[in-house]
Amino acid sequence: MIRLDVRRLVDVAMRTFVALAALLAIVPLALILGFVVYRGAEGVDLALLTQLPRPVGQVGGGMANAIVGTVVLLGLATVFALPLGIAAAVYLAESPDRGLPGLVRFLADVLTGIPSIVIGIFAYAVVVVPTRRFSALAGGVALAVIMLPIVIRTSEEIIRLVPAALREAALALGVPQWKAVLRIVLPAARTGIVTGVLLAMGRVAGEMAPLLFTAFGNQYWSRGVDEPIAALPLQIFAYASSPFEDWHRQAWAGALVLIALVFALDVVARVVTRKRGE
Amino acid sequence: MLVLLLLALAVPAPVGAQTLINGAGATFPYPLYARWFDTYARVDSTVRFNYQPIGSGGGIRQLLAGTVDFGATDVPMTDEQLRRAPGIVHVPTVVGAVAATYNLPGISGLRLSPEVLAEIFLGRVARWNDARIASTNAGTDLPDRPIVVVHRSDGSGSTYLWADLLARASPEWARTVGRGPAVRWPVGLGAKGNEGVAAQVRNMPGALAYVELTYAVTSGLPVAAIRNRAGAFVMPTVDSMAAAAAAIAAGGVPPDFRMSLADPPGDLAYPVAGYTWLLLPPNPRDPRKGAALVRFVKWAIHDGQRDAPALHYAPLPAAVVRAVTDRLERPLLAGR
Amino acid sequence: MPIVSGDAWFRALTRAAGATFLGLMLLLGSVLTITALPAVARFGWRFPFTSTWDPVAEQFGGLPFIYGTAVSSLLALLLAVPLGIGAAIYLVELAPAGLRAPIGFLIELLAAIPSVVYGLWGIFVLAPWLSHQLEPALGTWLGFLPLFQGPPYGVGMLAAGIVLAIMIVPIITAVAQDVLHAVPDHQREAAIALGATRWETTRLAVLRYGRSGLIGAVLLGLGRALGETMAVTMVIGNRPEIAASLFAPGYTLASVVANEFTEATSDLHAAALVEIGLLLFVLTVLVNVAARLLVRSVGGVMREARE
C-alpha cells in the first residue's frame, strides 16, 4: 500500500500538470488569434463585407461574395455529410468491431489522414471532369468527404458512451430498437454529435486546397450551384500571396471574418442544442 | 434560411444575362489581369471574366480538360503538350522579370554574374566574402557569413526563368539540374510562393533568393544587378525589361509566339526577363465566348498595355503587337 | 403492424450508410490509383524507398517525404497529446464550473482558424522566434544530441511539429472532453468511496473507462497532422532530404503535393504526386493498424465487456 502522502503528492503534481496543460493549450490560441486581430481588425469594414473584389490600387473592394460562398459551400457540405455521417455512426455504434463495421470504422480513421488536396483531386475527377465545369457542387462534395470521417468517428464514440442503462430501459418498456436509438440515444448524444459536426465544419471552413480544382473561385456572384463560386480561404490565399499591402490587409481581414464566421456557427449550434436538451 | 439561400442559388442563370468567361493560370500577371478585366467591363459590359491564379501548369491542364475558357502561363507549353492539343494559340501579354534579392545588413548595390549565381545555387560558393563574389563587387565590404539560398518550393514561371539563366551560364547546372518550373535544388530552403520567399529573406540575414520583380519592389528588399551578355550589370526595371524584349523581337517574332527573352543582346537589356501568355483554344465550345475573348485580347495588347508599368511589367514591343494583331485577324483554327 | 419491420428497416438503412461509406472509400482508392498509374508503372516498388525527387529528369521517389511526415506528426503528437488530454481532464474533472465553458470554447476556436493563417503565423512569428531564441538555446544546452544540431534556420522540422501540435490540440481536447463527460458519475463515486485521491479517481475510473474514446480522439488528431497541407508547407523548409536534426528543413507527403500539383510539368509528374497521395493513404492505414493493435492489447477486453 503506497503511503498516503506520496499519493497526495502525485495528486497535487498531476492536478497542477493538467491545469498547466489547459493553460498551455490556450496560449497559442491567444497568440494566433491576437495576431490575426492585430493584422486584420483595421481591414474589416463595410466595404469588405458588402463589396466584390476590386483590382489592386482601387479603393474599396471586398469579399462579400467569398463570405456568402463559404456559407454556401459549408451548407452544401453539411447537407451531404451529415445524414450519411450520422447514419453510419449509428451503424458503427450498434455493431461490434468486426467484419463490415470494423472495416468502415477503420477506413473512417484512415480518411481523416488523407490530405485535403488529394480529396480535392478526387472531387475534381468525379464531379468536375464529367460535368466539364467547376462548381459549388464540386466544392461541396470535396468538403463533405473531408467532413464525413470526423462526423462519423466523433458521433460514434459519443453514441457508444450513452449509458447502456438508458437504452435497456427503453427496450424493457417495449420500445422498438430503432425508436430507442432515434428518440433516446441520439438526443442523449446530441451535444457530442454537435461537437463533431462543428469541429468538422471548422476544419473545412478554412480549407483552400480542395477548393482549387472544385469550387475554383469567382470574382463575381455565382448564379447557381453549377457555377464556380468564391470562397474565403481561396480569396485570402490569393491576396496573401500577392505583393500588395492593400491586398494583404484584406487577406488578414478576411481571415478574421472567417474565424468569426465559424465562431458564430459554434455559438449558434451550442445555444440551439442546449435549449432543446432542456 | 440557409435552405432558401441554397434553393435560390440552385436556379440556373437566365438566358441573355452576361456571359461569364472562366480562365485559370499563372499567378504572376494576376494583378494586371485583374485590372484589365475590371477596366474592360466598362468597354464591353456583356462579358465578365473570372480569372483564378492557380498556377501556369494548372491553367494549361484545365484548358486541355475543357473546364475553363482560356488559360494563362509564364511557361510556354512544350511541343509534347501542344501535340495533345494542337492549335492552342499563345498570346504574349506583357513582359515580367525575376530579380535577385538578398539580406545583408548595411549592404546594397550588389553586382552578380550569372556564373557566380550558378555556383552559389550549386552550393559551390557558400560564403558571401568568397573571391568570386568579391571580384564583381570591388568597393563593397562583404561579410564573412554563410549564404542561405532560398528558392521556390512550388513550381513557377520564376523558377523556369531562373533555372534557364543558370543553365546557360553553367554547363554543370545544365547537366545536373536542368531547367523547368520545378527542379531539384542542390542546396537551399524552399519557400512557398513569392511571398514566402520574400518573408524568408526578410527574416534571415545572409539570405539570397530570386523573386518576381514586383515582390522585391514592394517588400523593400534590395535587388542585385545582373551581368548581361554585353557585360553590363543591369538592374531590373521596366526599361531594362523592355530593352530586352525589343532586342530579341528585333531578331524576328516566331509565328507561335513562344519566345524566350533569355540572354538578350545590348547594354541595357536585363537578362532575366520573360513573357507571359494567354492561351486561347482554337475551337471553343461556345463561339460567342471565343469571339468575346479575342476581342478582349486585342484590347489588352493595345489599350491594356498602359496599365503595365505601374505594376512593374513592361509593355510588349511594337513588333510583337503587330504580329499578334495580324494573327488574331485570322480565325484561330487556321495556323498553329 | 409488426414491430419487427421497423427494426429491419433501421438495420438495413444504417448498414446501407456504412456500405455507402465503404463504396466512397473504394471509389477514392480507385480514382487515385488510376491517376497514379503512370508513376506506379514506371517506378514500381522502388518508389517509397528512393530519395531522388527530380522533376526535370523525371525521377521521383517518396522516401524523404515519408520520413518528414512521420517525424513531424510524431513530434506533433508528443507535444499535443499530453497537452490536449491534460486540458480535457482539467476542464471536465478539475476546473471550477465558471471557467469550464469559456476555456473549452476558446480551445474549440483554435479549430476554426484556417490552415493558411497558422502558416502565416508560423512564418511571421514562430520561425523568427525559433531561429533567434529557441533553437540557439536548444543548440547550446542540448547540442550534444544530433537532434539539436545545425544552423538555426527557424523553418524546419521543429517549426512544423510545433505548428501541427497547435493545430491538433483542439481536436484532441474537444473530443476527449466529450468522452470524459460521458463517463457516468457512478464510476467516479465508486472510486472516491474507495478512498482514491482526485487524480487517482480520474486515472482509475474515468480514463480507463473512456480509453477507447480517448484513443479515438488522438487518432483524429493524428489524422489531421498526417494530412495537414498548407500550414506545414509554409514552415517546414521544403527540402526533400533526410536529416537527423530537428532544425533541418524537411518535406512531408502532403506538402509536396500541395506545392507541386498545380504546376506539375508533365503527366508523369502529376501521377507521381498522386502516388505520393496514395503513399499517405498507405501510411495512414499502417498507423491506424498499429494504433488498433495497441488498443486491443491493452484495453480491448474492457470494450467488449461493455457491449
# chains A, B, ... in the order shown; residues from 1 in each chain; ligands from 1
$ closest_atom_pairs --of "chain A" --to "chain C" --cutoff "7 Å" --atoms "only C-alpha atoms" --output "Markdown table"
| residue | atom | partner | partner_atom | distance |
| --- | --- | --- | --- | --- |
| A:Arg8 | CA | C:Thr197 | CA | 7.0 |
| A:Asp11 | CA | C:Trp199 | CA | 5.0 |
| A:Met14 | CA | C:Trp199 | CA | 6.6 |
| A:Arg15 | CA | C:Trp199 | CA | 6.8 |
| A:Val18 | CA | C:Gly86 | CA | 4.4 |
| A:Ala19 | CA | C:Tyr90 | CA | 5.7 |
| A:Ala21 | CA | C:Leu83 | CA | 4.7 |
| A:Ala22 | CA | C:Ala87 | CA | 3.9 |
| A:Ala25 | CA | C:Leu83 | CA | 6.3 |
| A:Ile26 | CA | C:Ile107 | CA | 6.4 |
| A:Pro28 | CA | C:Ile166 | CA | 6.8 |
| A:Leu29 | CA | C:Leu110 | CA | 5.9 |
| A:Ile32 | CA | C:Trp121 | CA | 6.6 |
| A:Leu84 | CA | C:Ala17 | CA | 5.9 |
| A:Ala87 | CA | C:Thr14 | CA | 5.4 |
| A:Ala88 | CA | C:Gly18 | CA | 4.9 |
| A:Val90 | CA | C:Thr14 | CA | 6.7 |
| A:Tyr91 | CA | C:Thr14 | CA | 4.9 |
| A:Val104 | CA | C:Leu22 | CA | 6.1 |
| A:Asp109 | CA | C:Leu220 | CA | 6.9 |
| A:Val110 | CA | C:Thr284 | CA | 5.5 |
| A:Thr112 | CA | C:Gly223 | CA | 4.9 |
| A:Gly113 | CA | C:Gly223 | CA | 3.8 |
| A:Ile114 | CA | C:Gly227 | CA | 5.1 |
| A:Pro115 | CA | C:Gly227 | CA | 3.8 |
| A:Ser116 | CA | C:Gly227 | CA | 6.9 |
| A:Ile117 | CA | C:Ala258 | CA | 6.5 |
| A:Val118 | CA | C:Gly277 | CA | 6.1 |
| A:Phe122 | CA | C:Leu28 | CA | 6.4 |
| A:Thr154 | CA | C:Val175 | CA | 6.9 |
| A:Glu157 | CA | C:Gly213 | CA | 5.8 |
| A:Ile158 | CA | C:Val179 | CA | 6.6 |
| A:Leu161 | CA | C:Ala182 | CA | 5.8 |
| A:Val162 | CA | C:Ala182 | CA | 6.8 |
| A:Pro176 | CA | C:Ile3 | CA | 6.6 |
| A:Gln177 | CA | C:Asp7 | CA | 6.1 |
| A:Trp178 | CA | C:Asp7 | CA | 5.4 |
| A:Gly192 | CA | C:Asp178 | CA | 5.9 |
| A:Leu199 | CA | C:Ala111 | CA | 6.6 |
| A:Gly202 | CA | C:Ala112 | CA | 4.4 |
| A:Arg203 | CA | C:Ala112 | CA | 6.2 |
| A:Gly206 | CA | C:Pro114 | CA | 3.9 |
| A:Glu207 | CA | C:Pro114 | CA | 6.6 |
| A:Ile259 | CA | C:Ile113 | CA | 5.7 |
| A:Val262 | CA | C:Ala112 | CA | 6.0 |
| A:Phe263 | CA | C:Leu109 | CA | 6.5 |
$ interface_residues --of "chain A" --to "chain B" --cutoff "10 Å" --atoms "only C-alpha atoms" --output "ChimeraX atom specification"
/A:53-58,68,71-73,75-76,79,128-134,136-137,212-213,216-228,234-235,238-245
$ residues_around --residues "Pro29 in chain B" --least-positions-apart "4" --cutoff "9 Å" --atoms "only C-alpha atoms" --output "PyMOL selection string"
chain B and resi 33-34+53+72-74+94+96+276+313
$ write_last_selection --atoms "C-alpha atoms" --output "short mmCIF file (atom, residue, chain, number, x, y, z; two decimals), in the first residue's frame"
data_model
loop_
_atom_site.label_atom_id
_atom_site.label_comp_id
_atom_site.auth_asym_id
_atom_site.auth_seq_id
_atom_site.Cartn_x
_atom_site.Cartn_y
_atom_site.Cartn_z
CA TYR B 33 -5.21 40.86 -65.45
CA ALA B 34 -7.49 41.82 -62.57
CA PRO B 53 -4.47 32.27 -60.26
CA ALA B 72 -2.56 31.81 -68.79
CA THR B 73 1.03 30.74 -68.37
CA ASP B 74 4.52 32.04 -67.68
CA VAL B 94 3.33 41.62 -71.07
CA GLY B 96 7.92 40.42 -66.48
CA THR B 276 3.68 35.80 -70.00
CA TYR B 313 5.59 44.83 -66.10
#
$ residues_around --residues "Arg179 in chain B" --least-positions-apart "4" --cutoff "8 Å" --atoms "only C-alpha atoms" --output "ChimeraX atom specification"
/B:160,163-164,167,174,183 /C:56
$ write_last_selection --atoms "C-alpha atoms" --output "short mmCIF file (atom, residue, chain, number, x, y, z; two decimals), in the first residue's frame"
data_model
loop_
_atom_site.label_atom_id
_atom_site.label_comp_id
_atom_site.auth_asym_id
_atom_site.auth_seq_id
_atom_site.Cartn_x
_atom_site.Cartn_y
_atom_site.Cartn_z
CA TYR B 160 11.72 28.44 -65.01
CA ALA B 163 16.94 27.92 -63.88
CA ASP B 164 17.23 28.84 -67.53
CA ALA B 167 21.74 26.61 -67.13
CA ALA B 174 22.53 22.35 -67.20
CA VAL B 183 13.76 21.49 -60.36
CA VAL C 56 13.38 17.76 -64.77
#
$ select_by_dssp --residues "range 27-239 of chain B" --states "alpha helix (DSSP H)" --output "VMD selection string"
chain B and resid 30 to 43 56 to 65 79 to 84 114 to 122 131 to 134 157 to 169 171 to 176 193 to 203 213 to 219 238 to 239
$ closest_residue --among "C:Glu263, C:Glu275, C:Glu189, C:Glu58" --to "chain B" --atoms "only C-alpha atoms"
C:Glu263
$ select_by_dssp --residues "range 14-231 of chain C" --states "strand (DSSP E or B)" --output "VMD selection string"
chain C and resid 53 to 54 59 to 60
$ closest_atom_pairs --of "chain B" --to "chain C" --cutoff "7 Å" --atoms "only C-alpha atoms" --output "JSON lines"
{"residue": "B:Ile54", "atom": "CA", "partner": "C:Thr262", "partner_atom": "CA", "distance": 6.5}
{"residue": "B:Gly55", "atom": "CA", "partner": "C:Glu263", "partner_atom": "CA", "distance": 5.7}
{"residue": "B:Ser56", "atom": "CA", "partner": "C:Glu263", "partner_atom": "CA", "distance": 5.9}
{"residue": "B:Gly57", "atom": "CA", "partner": "C:Glu263", "partner_atom": "CA", "distance": 3.8}
{"residue": "B:Gly58", "atom": "CA", "partner": "C:Thr262", "partner_atom": "CA", "distance": 4.6}
{"residue": "B:Ser153", "atom": "CA", "partner": "C:Asn238", "partner_atom": "CA", "distance": 6.1}
{"residue": "B:Asp154", "atom": "CA", "partner": "C:Asn259", "partner_atom": "CA", "distance": 4.3}
{"residue": "B:Gly155", "atom": "CA", "partner": "C:Glu263", "partner_atom": "CA", "distance": 5.2}
{"residue": "B:Ser156", "atom": "CA", "partner": "C:Glu263", "partner_atom": "CA", "distance": 6.8}
{"residue": "B:Gly178", "atom": "CA", "partner": "C:Val56", "partner_atom": "CA", "distance": 6.3}
{"residue": "B:Arg179", "atom": "CA", "partner": "C:Val56", "partner_atom": "CA", "distance": 6.6}
{"residue": "B:Gly180", "atom": "CA", "partner": "C:Val56", "partner_atom": "CA", "distance": 6.3}
{"residue": "B:Ala182", "atom": "CA", "partner": "C:Pro55", "partner_atom": "CA", "distance": 6.1}
{"residue": "B:Val183", "atom": "CA", "partner": "C:Pro55", "partner_atom": "CA", "distance": 5.6}
{"residue": "B:Arg184", "atom": "CA", "partner": "C:Asp54", "partner_atom": "CA", "distance": 4.9}
{"residue": "B:Leu189", "atom": "CA", "partner": "C:Gly237", "partner_atom": "CA", "distance": 5.1}
{"residue": "B:Gly190", "atom": "CA", "partner": "C:Asn238", "partner_atom": "CA", "distance": 4.7}
{"residue": "B:Ala191", "atom": "CA", "partner": "C:Gly237", "partner_atom": "CA", "distance": 6.3}
{"residue": "B:Lys192", "atom": "CA", "partner": "C:Met234", "partner_atom": "CA", "distance": 6.0}
{"residue": "B:Asn203", "atom": "CA", "partner": "C:Pro128", "partner_atom": "CA", "distance": 6.5}
$ write_last_selection --atoms "N, CA and C atoms" --output "tab-separated table (two decimals), in the first residue's frame"
chain	number	residue	atom	x	y	z
B	54	ILE	N	-4.29	29.85	-60.31
B	54	ILE	CA	-3.96	28.56	-59.72
B	54	ILE	C	-2.60	28.04	-60.14
B	55	GLY	N	-1.91	28.79	-60.99
B	55	GLY	CA	-0.60	28.34	-61.43
B	55	GLY	C	-0.59	28.03	-62.93
B	56	SER	N	0.57	28.22	-63.56
B	56	SER	CA	0.66	28.02	-65.01
B	56	SER	C	0.29	26.60	-65.41
B	57	GLY	N	0.86	25.63	-64.70
B	57	GLY	CA	0.58	24.24	-65.05
B	57	GLY	C	-0.90	23.92	-64.90
B	58	GLY	N	-1.48	24.44	-63.83
B	58	GLY	CA	-2.90	24.23	-63.62
B	58	GLY	C	-3.72	24.83	-64.75
B	153	SER	N	9.45	26.48	-53.52
B	153	SER	CA	9.12	25.06	-53.35
B	153	SER	C	8.01	24.66	-54.30
B	154	ASP	N	7.21	25.64	-54.72
B	154	ASP	CA	6.15	25.31	-55.68
B	154	ASP	C	6.66	25.63	-57.09
B	155	GLY	N	6.09	24.96	-58.05
B	155	GLY	CA	6.51	25.20	-59.41
B	155	GLY	C	6.13	26.61	-59.83
B	156	SER	N	6.91	27.23	-60.66
B	156	SER	CA	6.56	28.59	-61.07
B	156	SER	C	7.36	29.03	-62.27
B	178	GLY	N	19.26	21.27	-64.64
B	178	GLY	CA	18.40	21.49	-65.80
B	178	GLY	C	17.45	22.67	-65.61
B	179	ARG	N	16.44	22.72	-66.47
B	179	ARG	CA	15.50	23.82	-66.41
B	179	ARG	C	14.08	23.32	-66.33
B	180	GLY	N	13.21	24.16	-65.78
B	180	GLY	CA	11.81	23.79	-65.70
B	180	GLY	C	11.14	24.60	-64.62
B	182	ALA	N	9.86	23.46	-62.03
B	182	ALA	CA	10.26	22.89	-60.74
B	182	ALA	C	11.51	22.06	-61.00
B	183	VAL	N	12.52	22.24	-60.16
B	183	VAL	CA	13.76	21.49	-60.36
B	183	VAL	C	14.20	20.91	-59.02
B	184	ARG	N	15.22	20.07	-59.09
B	184	ARG	CA	15.79	19.52	-57.87
B	184	ARG	C	16.94	20.42	-57.44
B	189	LEU	N	16.74	26.46	-48.94
B	189	LEU	CA	15.44	26.24	-48.35
B	189	LEU	C	14.37	26.53	-49.38
B	190	GLY	N	13.28	25.80	-49.31
B	190	GLY	CA	12.18	26.04	-50.23
B	190	GLY	C	11.09	26.82	-49.53
B	191	ALA	N	10.62	27.87	-50.13
B	191	ALA	CA	9.51	28.61	-49.55
B	191	ALA	C	8.37	28.64	-50.55
B	192	LYS	N	7.17	28.73	-50.03
B	192	LYS	CA	6.01	28.63	-50.90
B	192	LYS	C	5.61	29.99	-51.43
B	203	ASN	N	13.58	37.59	-43.02
B	203	ASN	CA	13.85	37.12	-41.67
B	203	ASN	C	15.22	36.52	-41.49
$ closest_residue --among "B:Ile226, B:Ala138, B:Leu268, B:Val324" --to "Val238 in chain B" --atoms "only C-alpha atoms"
B:Leu268
$ atom_distance --atom1 "CA of Leu75 in chain C" --atom2 "CA of Leu204 in chain C"
27.7 Å
$ residues_around --residues "Ile66 in chain C" --least-positions-apart "3" --cutoff "7 Å" --atoms "only C-alpha atoms" --output "NGL selection string"
:C and (62-63 or 69-70 or 252-253)
$ write_last_selection --atoms "N, CA and C atoms" --output "compact mmCIF listing (two decimals), in the first residue's frame"
# COMPACT_ATOMS: atom_id res chain seq x y z
N GLY C 62 9.76 8.50 -53.04
CA GLY C 62 8.99 9.03 -51.93
C GLY C 62 9.62 9.01 -50.56
N LEU C 63 10.82 8.48 -50.42
CA LEU C 63 11.35 8.24 -49.07
C LEU C 63 11.48 9.49 -48.19
N THR C 69 6.91 13.28 -43.02
CA THR C 69 5.57 13.15 -42.46
C THR C 69 5.62 12.43 -41.13
N ALA C 70 6.37 11.33 -41.08
CA ALA C 70 6.42 10.55 -39.85
C ALA C 70 6.98 11.37 -38.70
N THR C 252 7.08 17.03 -46.29
CA THR C 252 6.12 15.98 -45.99
C THR C 252 5.39 15.57 -47.25
N LEU C 253 4.71 14.42 -47.16
CA LEU C 253 3.96 13.89 -48.30
C LEU C 253 2.90 14.90 -48.75
$ atom_distance --atom1 "CA of Ala244 in chain B" --atom2 "CA of Ala209 in chain B"
22.0 Å
$ residues_around --residues "Met241 in chain B" --least-positions-apart "3" --cutoff "12 Å" --atoms "only C-alpha atoms" --output "count of residues only"
40
$ atom_distance --atom1 "CA of Val272 in chain A" --atom2 "CA of Thr195 in chain A"
12.5 Å
$ residues_around --residues "range 290-297 of chain B" --least-positions-apart "5" --cutoff "8 Å" --atoms "only C-alpha atoms" --output "tab-separated table (two decimals) with C-alpha atoms, in the first residue's frame"
chain	number	residue	atom	x	y	z
B	40	TYR	CA	-12.70	46.07	-69.84
B	47	VAL	CA	-18.93	39.80	-70.70
B	69	ASP	CA	-12.37	29.02	-71.50
B	283	ASN	CA	-12.15	25.55	-81.07
B	284	PRO	CA	-14.10	26.99	-78.16
B	328	LEU	CA	-5.79	37.44	-84.40
$ closest_residue --among "A:Ala264, A:Val271, A:Ala125, A:Leu92" --to "Thr191 in chain A" --atoms "only C-alpha atoms"
A:Val271
